[in-house]
Protein chains: 2
Amino acid sequence: MTTRTPDTGDMLCFALYSASHAMTRLYRPLLAPLGLTYPQYLVLVSLWAQDGRSVRELGEELALESNTLTPLLKRMEESGLITRARSSEDERVVQVSLTEKGSALRSEAEKVTACVFEASGLSLDELGRLRNEVRALRDRIAALV
Amino acid sequence: MTTRTPDTGDMLCFALYSASHAMTRLYRPLLAPLGLTYPQYLVLVSLWAQDGRSVRELGEELALESNTLTPLLKRMEESGLITRARSSEDERVVQVSLTEKGSALRSEAEKVTACVFEASGLSLDELGRLRNEVRALRDRIAALV
DNA sequence: GAAATATAAATCGCGCACGATCAAATCGCA
DNA sequence: TGCGATTTGATCGTGCGCGATTTATATTTC
């Protein structure tokens, strides 16, 4: 009948917002012993898949701008996880590379992954399906912005 | 065969993280003309549903602590959207109430809602189903933390 | 009814996000 | 070849999120 203003419980955007924060809260105590924040963990995941990427490439993968990444990467350099170096071919580009320490965290991170999967309470199939739906929505929205 | 470290594309947590940020980016230009950020919009949505809530109640609804809400609410008070007043019954409690201006934004917000629904590219049914799945996941995770 | 405990909000410090802007390097092309 | 346009990353300011702590008020317990 009457269209009422949606409550937060009705809003998909709030479901995503609060679920994302819940995930970060779940990760925090698991990553803290490794000296990592969640966004820093994402950078490592990206570099484990492909080392030596530029700031721009990392930004494309993670949907973050240099104004976010530059200070974040400096902190990661400070804690000895990565190195940052200007490319000799193109002096504009900064290559980000894993250190020994950054590479070594990979095996620790697999335990974290397992722990988070457990916490989700989903089967691999369910998780994959939900992830694909959320990703599809994200891509549809991102294409507009 | 071998279990490889998941890439960001495989991770449900990253799907949620990036989808949530994409949503915020979608909302930003729609809310900016109203002088609102996305979290401030969420506070208004909560208050439109039930005015005069305490900081604690808002925090429960939005899953935010007073260290986030207090400064946020002060900014909203500053911009004339809400009032903050100590309860006379319990001096610890701060009641948050909509001003005329805060109430008036409700009709504007419905246009924003429609615009975001459009951008999602989902049917009402699909949206509802996805929202319920994301919410269920969030609640399962939040129960552990 | 005084001391111990619990609860509500505020404060502080740090790490994201991001709009706006800037400096430097490279590219394009007349 | 030279000069404007583009690309890359950095810088700055503001607004969240949140762990840790503090202050003030209320409740419990003895």
# chains A, B, ... in the order shown; residues from 1 in each chain; ligands from 1
$ closest_atom_pairs --of "chain D" --to "chain A" --cutoff "9 Å" --atoms "only C-alpha atoms (C1' of nucleotides)" --output "CSV"
residue,atom,partner,partner_atom,distance
D:DT7,C1',A:Arg92,CA,8.1
D:DT8,C1',A:Arg92,CA,5.0
D:DG9,C1',A:Ser66,CA,6.5
D:DA10,C1',A:Thr70,CA,7.3
D:DT11,C1',A:Asn67,CA,8.1
D:DG17,C1',A:His21,CA,8.8
$ interface_residues --of "chain C" --to "chain B" --cutoff "9 Å" --atoms "only C-alpha atoms (C1' of nucleotides)" --output "PyMOL selection string"
chain C and resi 7-11+17
$ residues_around --residues "DA6 of chain C" --least-positions-apart "3" --cutoff "12 Å" --atoms "only C-alpha atoms (C1' of nucleotides)" --output "PyMOL selection string"
chain D and resi 25-28
$ atom_distance --atom1 "atom CA of Thr83 of chain A" --atom2 "atom CA of Leu47 of chain A"
11.5 Å
$ calpha_fit_and_write --fixed "chain B" --moving "chain A" --output "compact mmCIF listing (two decimals) with N, CA and C atoms, in the first residue's frame"
# COMPACT_ATOMS: atom_id res chain seq x y z
N MET A 1 44.16 -30.31 -6.52
CA MET A 1 45.46 -30.89 -6.18
C MET A 1 46.15 -30.09 -5.08
N THR A 2 46.94 -29.14 -5.50
CA THR A 2 47.60 -28.28 -4.52
C THR A 2 46.65 -27.18 -4.09
N THR A 3 46.63 -26.88 -2.79
CA THR A 3 45.82 -25.78 -2.29
C THR A 3 46.61 -24.48 -2.47
N ARG A 4 46.14 -23.62 -3.36
CA ARG A 4 46.87 -22.38 -3.56
C ARG A 4 46.27 -21.29 -2.66
N THR A 5 47.09 -20.34 -2.30
CA THR A 5 46.60 -19.19 -1.53
C THR A 5 45.58 -18.46 -2.38
N PRO A 6 44.42 -18.17 -1.82
CA PRO A 6 43.38 -17.54 -2.64
C PRO A 6 43.78 -16.13 -3.07
N ASP A 7 43.42 -15.78 -4.27
CA ASP A 7 43.57 -14.42 -4.76
C ASP A 7 42.38 -13.60 -4.26
N THR A 8 42.50 -12.30 -4.34
CA THR A 8 41.40 -11.45 -3.86
C THR A 8 40.09 -11.81 -4.55
N GLY A 9 40.17 -12.19 -5.83
CA GLY A 9 38.96 -12.52 -6.58
C GLY A 9 38.23 -13.72 -6.02
N ASP A 10 38.92 -14.58 -5.29
CA ASP A 10 38.31 -15.79 -4.74
C ASP A 10 37.69 -15.55 -3.36
N MET A 11 38.01 -14.41 -2.78
CA MET A 11 37.69 -14.21 -1.36
C MET A 11 36.33 -13.54 -1.17
N LEU A 12 35.48 -14.20 -0.42
CA LEU A 12 34.17 -13.62 -0.10
C LEU A 12 34.34 -12.32 0.68
N CYS A 13 35.32 -12.31 1.60
CA CYS A 13 35.53 -11.11 2.40
C CYS A 13 35.87 -9.93 1.52
N PHE A 14 36.68 -10.15 0.48
CA PHE A 14 37.03 -9.03 -0.41
C PHE A 14 35.85 -8.63 -1.27
N ALA A 15 35.03 -9.59 -1.67
CA ALA A 15 33.81 -9.26 -2.42
C ALA A 15 32.94 -8.32 -1.59
N LEU A 16 32.79 -8.64 -0.30
CA LEU A 16 31.98 -7.80 0.57
C LEU A 16 32.63 -6.43 0.78
N TYR A 17 33.92 -6.46 1.05
CA TYR A 17 34.69 -5.23 1.28
C TYR A 17 34.57 -4.29 0.09
N SER A 18 34.81 -4.82 -1.11
CA SER A 18 34.82 -3.96 -2.30
C SER A 18 33.40 -3.58 -2.71
N ALA A 19 32.43 -4.47 -2.48
CA ALA A 19 31.04 -4.13 -2.80
C ALA A 19 30.53 -3.04 -1.87
N SER A 20 30.91 -3.12 -0.61
CA SER A 20 30.49 -2.10 0.34
C SER A 20 31.07 -0.74 -0.03
N HIS A 21 32.35 -0.73 -0.41
CA HIS A 21 32.96 0.54 -0.83
C HIS A 21 32.32 1.05 -2.11
N ALA A 22 32.00 0.15 -3.03
CA ALA A 22 31.35 0.56 -4.27
C ALA A 22 30.01 1.22 -3.96
N MET A 23 29.28 0.63 -3.02
CA MET A 23 28.00 1.21 -2.60
C MET A 23 28.20 2.62 -2.06
N THR A 24 29.18 2.78 -1.19
CA THR A 24 29.45 4.09 -0.62
C THR A 24 29.78 5.11 -1.70
N ARG A 25 30.54 4.67 -2.70
CA ARG A 25 30.89 5.55 -3.81
C ARG A 25 29.66 5.92 -4.64
N LEU A 26 28.75 4.95 -4.75
CA LEU A 26 27.50 5.22 -5.46
C LEU A 26 26.67 6.25 -4.70
N TYR A 27 26.60 6.11 -3.38
CA TYR A 27 25.79 7.00 -2.55
C TYR A 27 26.40 8.41 -2.47
N ARG A 28 27.70 8.50 -2.50
CA ARG A 28 28.36 9.78 -2.20
C ARG A 28 27.79 10.95 -2.99
N PRO A 29 27.77 10.86 -4.32
CA PRO A 29 27.27 12.01 -5.08
C PRO A 29 25.77 12.24 -4.89
N LEU A 30 25.04 11.20 -4.46
CA LEU A 30 23.61 11.37 -4.23
C LEU A 30 23.34 12.03 -2.88
N LEU A 31 24.19 11.73 -1.90
CA LEU A 31 23.99 12.25 -0.55
C LEU A 31 24.66 13.61 -0.35
N ALA A 32 25.71 13.87 -1.10
CA ALA A 32 26.46 15.12 -0.92
C ALA A 32 25.55 16.36 -1.04
N PRO A 33 24.64 16.39 -2.02
CA PRO A 33 23.74 17.56 -2.11
C PRO A 33 22.89 17.74 -0.85
N LEU A 34 22.65 16.65 -0.12
CA LEU A 34 21.88 16.74 1.12
C LEU A 34 22.78 17.04 2.32
N GLY A 35 24.08 17.16 2.06
CA GLY A 35 25.02 17.44 3.14
C GLY A 35 25.26 16.24 4.04
N LEU A 36 25.12 15.04 3.46
CA LEU A 36 25.22 13.82 4.27
C LEU A 36 26.35 12.92 3.79
N THR A 37 26.99 12.25 4.73
CA THR A 37 27.86 11.12 4.40
C THR A 37 27.01 9.85 4.54
N TYR A 38 27.56 8.73 4.09
CA TYR A 38 26.79 7.50 4.14
C TYR A 38 26.47 7.07 5.58
N PRO A 39 27.45 7.08 6.50
CA PRO A 39 27.10 6.71 7.88
C PRO A 39 26.09 7.67 8.51
N GLN A 40 26.17 8.93 8.16
CA GLN A 40 25.19 9.90 8.68
C GLN A 40 23.80 9.57 8.13
N TYR A 41 23.75 9.18 6.88
CA TYR A 41 22.49 8.75 6.27
C TYR A 41 21.91 7.56 7.03
N LEU A 42 22.75 6.61 7.41
CA LEU A 42 22.29 5.45 8.17
C LEU A 42 21.68 5.87 9.51
N VAL A 43 22.30 6.85 10.15
CA VAL A 43 21.74 7.35 11.42
C VAL A 43 20.36 7.95 11.19
N LEU A 44 20.21 8.71 10.12
CA LEU A 44 18.90 9.29 9.82
C LEU A 44 17.87 8.20 9.55
N VAL A 45 18.25 7.19 8.78
CA VAL A 45 17.32 6.08 8.50
C VAL A 45 16.85 5.45 9.81
N SER A 46 17.79 5.25 10.73
CA SER A 46 17.44 4.68 12.03
C SER A 46 16.46 5.57 12.78
N LEU A 47 16.72 6.87 12.74
CA LEU A 47 15.86 7.80 13.50
C LEU A 47 14.51 7.99 12.83
N TRP A 48 14.47 7.92 11.50
CA TRP A 48 13.18 8.00 10.81
C TRP A 48 12.29 6.85 11.24
N ALA A 49 12.90 5.68 11.44
CA ALA A 49 12.13 4.51 11.87
C ALA A 49 11.71 4.66 13.33
N GLN A 50 12.61 5.23 14.14
CA GLN A 50 12.29 5.42 15.57
C GLN A 50 13.11 6.58 16.12
N ASP A 51 12.44 7.66 16.35
CA ASP A 51 13.11 8.89 16.80
C ASP A 51 13.41 8.80 18.30
N GLY A 52 14.37 9.62 18.72
CA GLY A 52 14.64 9.75 20.14
C GLY A 52 15.43 8.60 20.75
N ARG A 53 16.16 7.88 19.92
CA ARG A 53 16.93 6.77 20.46
C ARG A 53 18.19 7.25 21.18
N SER A 54 18.69 6.41 22.06
CA SER A 54 19.93 6.72 22.75
C SER A 54 21.11 6.35 21.87
N VAL A 55 22.26 6.85 22.23
CA VAL A 55 23.50 6.54 21.52
C VAL A 55 23.73 5.03 21.53
N ARG A 56 23.45 4.41 22.65
CA ARG A 56 23.64 2.96 22.75
C ARG A 56 22.73 2.21 21.78
N GLU A 57 21.47 2.64 21.73
CA GLU A 57 20.52 1.97 20.83
C GLU A 57 20.93 2.14 19.37
N LEU A 58 21.36 3.34 19.02
CA LEU A 58 21.85 3.56 17.66
C LEU A 58 23.05 2.68 17.38
N GLY A 59 23.93 2.58 18.37
CA GLY A 59 25.11 1.75 18.22
C GLY A 59 24.76 0.28 18.00
N GLU A 60 23.73 -0.19 18.69
CA GLU A 60 23.30 -1.58 18.49
C GLU A 60 22.75 -1.78 17.09
N GLU A 61 21.93 -0.84 16.67
CA GLU A 61 21.32 -0.95 15.33
C GLU A 61 22.39 -0.94 14.24
N LEU A 62 23.37 -0.05 14.38
CA LEU A 62 24.34 0.15 13.29
C LEU A 62 25.65 -0.59 13.52
N ALA A 63 25.76 -1.27 14.66
CA ALA A 63 26.99 -1.98 15.00
C ALA A 63 28.18 -1.03 15.06
N LEU A 64 27.97 0.09 15.76
CA LEU A 64 29.04 1.08 15.94
C LEU A 64 29.17 1.42 17.42
N GLU A 65 30.39 1.74 17.84
CA GLU A 65 30.65 2.07 19.23
C GLU A 65 30.54 3.58 19.44
N SER A 66 30.53 3.97 20.70
CA SER A 66 30.41 5.40 21.00
C SER A 66 31.61 6.18 20.48
N ASN A 67 32.76 5.53 20.42
CA ASN A 67 33.94 6.24 19.90
C ASN A 67 33.77 6.62 18.43
N THR A 68 32.92 5.93 17.71
CA THR A 68 32.58 6.32 16.34
C THR A 68 31.37 7.26 16.33
N LEU A 69 30.36 6.91 17.11
CA LEU A 69 29.09 7.64 17.04
C LEU A 69 29.18 9.04 17.63
N THR A 70 29.83 9.18 18.76
CA THR A 70 29.83 10.48 19.43
C THR A 70 30.31 11.60 18.51
N PRO A 71 31.47 11.49 17.91
CA PRO A 71 31.88 12.58 17.00
C PRO A 71 30.98 12.70 15.77
N LEU A 72 30.51 11.58 15.25
CA LEU A 72 29.61 11.60 14.09
C LEU A 72 28.33 12.35 14.43
N LEU A 73 27.77 12.06 15.59
CA LEU A 73 26.52 12.72 16.00
C LEU A 73 26.75 14.20 16.27
N LYS A 74 27.93 14.53 16.80
CA LYS A 74 28.24 15.94 17.02
C LYS A 74 28.27 16.71 15.70
N ARG A 75 28.82 16.06 14.66
CA ARG A 75 28.84 16.71 13.35
C ARG A 75 27.41 16.89 12.82
N MET A 76 26.58 15.87 13.05
CA MET A 76 25.19 15.97 12.59
C MET A 76 24.43 17.03 13.37
N GLU A 77 24.76 17.17 14.64
CA GLU A 77 24.14 18.23 15.44
C GLU A 77 24.59 19.59 14.91
N GLU A 78 25.87 19.67 14.64
CA GLU A 78 26.47 20.90 14.10
C GLU A 78 25.77 21.33 12.81
N SER A 79 25.41 20.35 11.97
CA SER A 79 24.76 20.71 10.70
C SER A 79 23.24 20.76 10.83
N GLY A 80 22.75 20.70 12.08
CA GLY A 80 21.34 21.00 12.32
C GLY A 80 20.37 19.87 12.00
N LEU A 81 20.88 18.64 11.90
CA LEU A 81 19.99 17.52 11.55
C LEU A 81 19.38 16.87 12.78
N ILE A 82 20.09 16.91 13.89
CA ILE A 82 19.63 16.23 15.11
C ILE A 82 19.93 17.10 16.33
N THR A 83 19.32 16.72 17.47
CA THR A 83 19.71 17.30 18.75
C THR A 83 20.17 16.17 19.65
N ARG A 84 21.07 16.49 20.58
CA ARG A 84 21.56 15.52 21.56
C ARG A 84 21.26 16.08 22.94
N ALA A 85 20.60 15.27 23.77
CA ALA A 85 20.24 15.75 25.10
C ALA A 85 20.32 14.62 26.12
N ARG A 86 20.89 14.92 27.27
CA ARG A 86 20.94 13.94 28.35
C ARG A 86 19.52 13.63 28.81
N SER A 87 19.25 12.37 29.05
CA SER A 87 17.96 11.99 29.60
C SER A 87 17.85 12.47 31.04
N SER A 88 16.68 12.96 31.41
CA SER A 88 16.49 13.41 32.79
C SER A 88 16.29 12.21 33.72
N GLU A 89 15.80 11.11 33.17
CA GLU A 89 15.60 9.91 33.97
C GLU A 89 16.91 9.23 34.32
N ASP A 90 17.81 9.18 33.33
CA ASP A 90 19.11 8.56 33.53
C ASP A 90 20.16 9.44 32.89
N GLU A 91 20.90 10.13 33.71
CA GLU A 91 21.82 11.15 33.23
C GLU A 91 22.96 10.57 32.40
N ARG A 92 23.10 9.25 32.41
CA ARG A 92 24.16 8.65 31.58
C ARG A 92 23.76 8.64 30.12
N VAL A 93 22.46 8.56 29.88
CA VAL A 93 21.94 8.36 28.53
C VAL A 93 21.82 9.67 27.76
N VAL A 94 22.24 9.63 26.50
CA VAL A 94 22.05 10.77 25.60
C VAL A 94 21.02 10.39 24.53
N GLN A 95 19.93 11.15 24.51
CA GLN A 95 18.87 10.91 23.53
C GLN A 95 19.17 11.69 22.27
N VAL A 96 19.02 11.03 21.13
CA VAL A 96 19.25 11.67 19.85
C VAL A 96 17.91 11.85 19.14
N SER A 97 17.59 13.07 18.78
CA SER A 97 16.28 13.35 18.18
C SER A 97 16.44 14.13 16.88
N LEU A 98 15.53 13.89 15.98
CA LEU A 98 15.52 14.59 14.69
C LEU A 98 15.07 16.03 14.88
N THR A 99 15.69 16.92 14.15
CA THR A 99 15.17 18.28 14.05
C THR A 99 14.19 18.31 12.88
N GLU A 100 13.55 19.46 12.72
CA GLU A 100 12.70 19.67 11.54
C GLU A 100 13.47 19.36 10.28
N LYS A 101 14.68 19.89 10.22
CA LYS A 101 15.52 19.70 9.03
C LYS A 101 15.85 18.22 8.81
N GLY A 102 16.16 17.53 9.89
CA GLY A 102 16.48 16.11 9.78
C GLY A 102 15.28 15.30 9.31
N SER A 103 14.10 15.62 9.81
CA SER A 103 12.88 14.93 9.38
C SER A 103 12.59 15.22 7.92
N ALA A 104 12.84 16.45 7.53
CA ALA A 104 12.46 16.88 6.18
C ALA A 104 13.24 16.15 5.10
N LEU A 105 14.43 15.69 5.44
CA LEU A 105 15.26 15.01 4.43
C LEU A 105 14.68 13.67 4.02
N ARG A 106 13.72 13.20 4.77
CA ARG A 106 13.17 11.86 4.51
C ARG A 106 12.64 11.70 3.09
N SER A 107 11.93 12.72 2.63
CA SER A 107 11.35 12.59 1.28
C SER A 107 12.44 12.64 0.22
N GLU A 108 13.46 13.46 0.44
CA GLU A 108 14.60 13.50 -0.49
C GLU A 108 15.27 12.13 -0.56
N ALA A 109 15.36 11.50 0.61
CA ALA A 109 16.09 10.24 0.70
C ALA A 109 15.40 9.14 -0.10
N GLU A 110 14.08 9.25 -0.23
CA GLU A 110 13.37 8.21 -0.99
C GLU A 110 13.80 8.20 -2.45
N LYS A 111 14.12 9.38 -2.96
CA LYS A 111 14.62 9.44 -4.34
C LYS A 111 15.99 8.74 -4.43
N VAL A 112 16.80 8.95 -3.42
CA VAL A 112 18.11 8.30 -3.39
C VAL A 112 17.95 6.78 -3.37
N THR A 113 17.04 6.31 -2.53
CA THR A 113 16.77 4.88 -2.44
C THR A 113 16.40 4.30 -3.81
N ALA A 114 15.51 4.99 -4.49
CA ALA A 114 15.07 4.53 -5.80
C ALA A 114 16.23 4.47 -6.77
N CYS A 115 17.08 5.48 -6.69
CA CYS A 115 18.23 5.57 -7.59
C CYS A 115 19.21 4.43 -7.35
N VAL A 116 19.43 4.10 -6.08
CA VAL A 116 20.35 3.02 -5.75
C VAL A 116 19.77 1.67 -6.16
N PHE A 117 18.48 1.51 -5.96
CA PHE A 117 17.83 0.27 -6.38
C PHE A 117 18.00 0.07 -7.88
N GLU A 118 17.76 1.12 -8.61
CA GLU A 118 17.96 1.10 -10.06
C GLU A 118 19.37 0.64 -10.42
N ALA A 119 20.35 1.24 -9.72
CA ALA A 119 21.75 0.97 -10.02
C ALA A 119 22.13 -0.48 -9.73
N SER A 120 21.44 -1.10 -8.79
CA SER A 120 21.78 -2.47 -8.42
C SER A 120 21.52 -3.44 -9.57
N GLY A 121 20.56 -3.09 -10.44
CA GLY A 121 20.24 -3.96 -11.56
C GLY A 121 19.57 -5.24 -11.13
N LEU A 122 19.05 -5.29 -9.90
CA LEU A 122 18.40 -6.49 -9.38
C LEU A 122 16.89 -6.28 -9.34
N SER A 123 16.14 -7.37 -9.42
CA SER A 123 14.71 -7.30 -9.15
C SER A 123 14.51 -7.20 -7.64
N LEU A 124 13.34 -6.80 -7.23
CA LEU A 124 13.06 -6.72 -5.80
C LEU A 124 13.28 -8.06 -5.12
N ASP A 125 12.87 -9.13 -5.79
CA ASP A 125 13.04 -10.47 -5.23
C ASP A 125 14.51 -10.84 -5.08
N GLU A 126 15.25 -10.62 -6.15
CA GLU A 126 16.68 -10.94 -6.11
C GLU A 126 17.37 -10.15 -5.02
N LEU A 127 17.04 -8.86 -4.97
CA LEU A 127 17.65 -7.99 -3.97
C LEU A 127 17.35 -8.48 -2.56
N GLY A 128 16.09 -8.83 -2.33
CA GLY A 128 15.70 -9.32 -1.01
C GLY A 128 16.42 -10.61 -0.64
N ARG A 129 16.54 -11.48 -1.60
CA ARG A 129 17.20 -12.75 -1.34
C ARG A 129 18.68 -12.55 -1.01
N LEU A 130 19.34 -11.75 -1.84
CA LEU A 130 20.77 -11.49 -1.62
C LEU A 130 20.99 -10.80 -0.28
N ARG A 131 20.13 -9.81 0.01
CA ARG A 131 20.24 -9.10 1.29
C ARG A 131 20.11 -10.06 2.45
N ASN A 132 19.16 -10.98 2.37
CA ASN A 132 18.97 -11.94 3.46
C ASN A 132 20.18 -12.85 3.63
N GLU A 133 20.77 -13.25 2.52
CA GLU A 133 21.94 -14.13 2.62
C GLU A 133 23.12 -13.40 3.25
N VAL A 134 23.32 -12.14 2.82
CA VAL A 134 24.42 -11.37 3.36
C VAL A 134 24.21 -11.09 4.84
N ARG A 135 22.95 -10.78 5.19
CA ARG A 135 22.61 -10.51 6.58
C ARG A 135 22.83 -11.75 7.44
N ALA A 136 22.43 -12.91 6.93
CA ALA A 136 22.59 -14.15 7.68
C ALA A 136 24.07 -14.43 7.93
N LEU A 137 24.89 -14.20 6.89
CA LEU A 137 26.33 -14.39 7.06
C LEU A 137 26.87 -13.44 8.12
N ARG A 138 26.46 -12.17 8.00
CA ARG A 138 26.91 -11.16 8.97
C ARG A 138 26.56 -11.58 10.39
N ASP A 139 25.32 -12.03 10.59
CA ASP A 139 24.88 -12.39 11.94
C ASP A 139 25.65 -13.60 12.46
N ARG A 140 25.93 -14.54 11.57
CA ARG A 140 26.69 -15.72 11.98
C ARG A 140 28.09 -15.31 12.43
N ILE A 141 28.71 -14.41 11.68
CA ILE A 141 30.06 -13.95 12.03
C ILE A 141 30.05 -13.11 13.28
N ALA A 142 29.07 -12.19 13.34
CA ALA A 142 29.01 -11.28 14.48
C ALA A 142 28.80 -12.03 15.79
N ALA A 143 28.12 -13.17 15.69
CA ALA A 143 27.87 -13.96 16.89
C ALA A 143 29.16 -14.53 17.47
N LEU A 144 30.18 -14.67 16.63
CA LEU A 144 31.45 -15.24 17.08
C LEU A 144 32.35 -14.18 17.70
N VAL A 145 32.18 -12.96 17.25
CA VAL A 145 33.07 -11.89 17.71
C VAL A 145 32.48 -11.21 18.92
$ select_by_dssp --residues "segment 82-124 of chain A" --states "alpha helix (DSSP H)" --output "list in words"
Glu100, Lys101, Gly102, Ser103, Ala104, Leu105, Arg106, Ser107, Glu108, Ala109, Glu110, Lys111, Val112, Thr113, Ala114, Cys115, Val116, Phe117, Glu118, Ala119, Ser120 and Leu124 of chain A
$ atom_distance --atom1 "atom C1' of DT14 of chain D" --atom2 "atom C1' of DC16 of chain C"
12.6 Å
$ select_by_dssp --residues "chain B" --states "strand (DSSP E)" --output "list of chain:residue names"
B:Arg53, B:Ser54, B:Ile82, B:Thr83, B:Arg84, B:Ala85, B:Arg86, B:Val94, B:Gln95, B:Val96, B:Ser97, B:Leu98
$ write_last_selection --atoms "C-alpha atoms" --output "PDB file, in the first residue's frame"
ATOM      1  CA  ARG B  53      16.934   6.788  20.473  1.00  0.00           C
ATOM      2  CA  SER B  54      19.935   6.743  22.762  1.00  0.00           C
ATOM      3  CA  ILE B  82      19.631  16.234  15.106  1.00  0.00           C
ATOM      4  CA  THR B  83      19.712  17.299  18.740  1.00  0.00           C
ATOM      5  CA  ARG B  84      21.568  15.531  21.534  1.00  0.00           C
ATOM      6  CA  ALA B  85      20.242  15.758  25.082  1.00  0.00           C
ATOM      7  CA  ARG B  86      20.965  13.949  28.332  1.00  0.00           C
ATOM      8  CA  VAL B  94      22.089  10.789  25.600  1.00  0.00           C
ATOM      9  CA  GLN B  95      18.894  10.909  23.533  1.00  0.00           C
ATOM     10  CA  VAL B  96      19.263  11.671  19.846  1.00  0.00           C
ATOM     11  CA  SER B  97      16.307  13.371  18.170  1.00  0.00           C
ATOM     12  CA  LEU B  98      15.520  14.584  14.684  1.00  0.00           C
TER      13      LEU B  98
END
$ atom_distance --atom1 "atom C1' of DG2 of chain D" --atom2 "atom C1' of DT21 of chain C"
27.0 Å
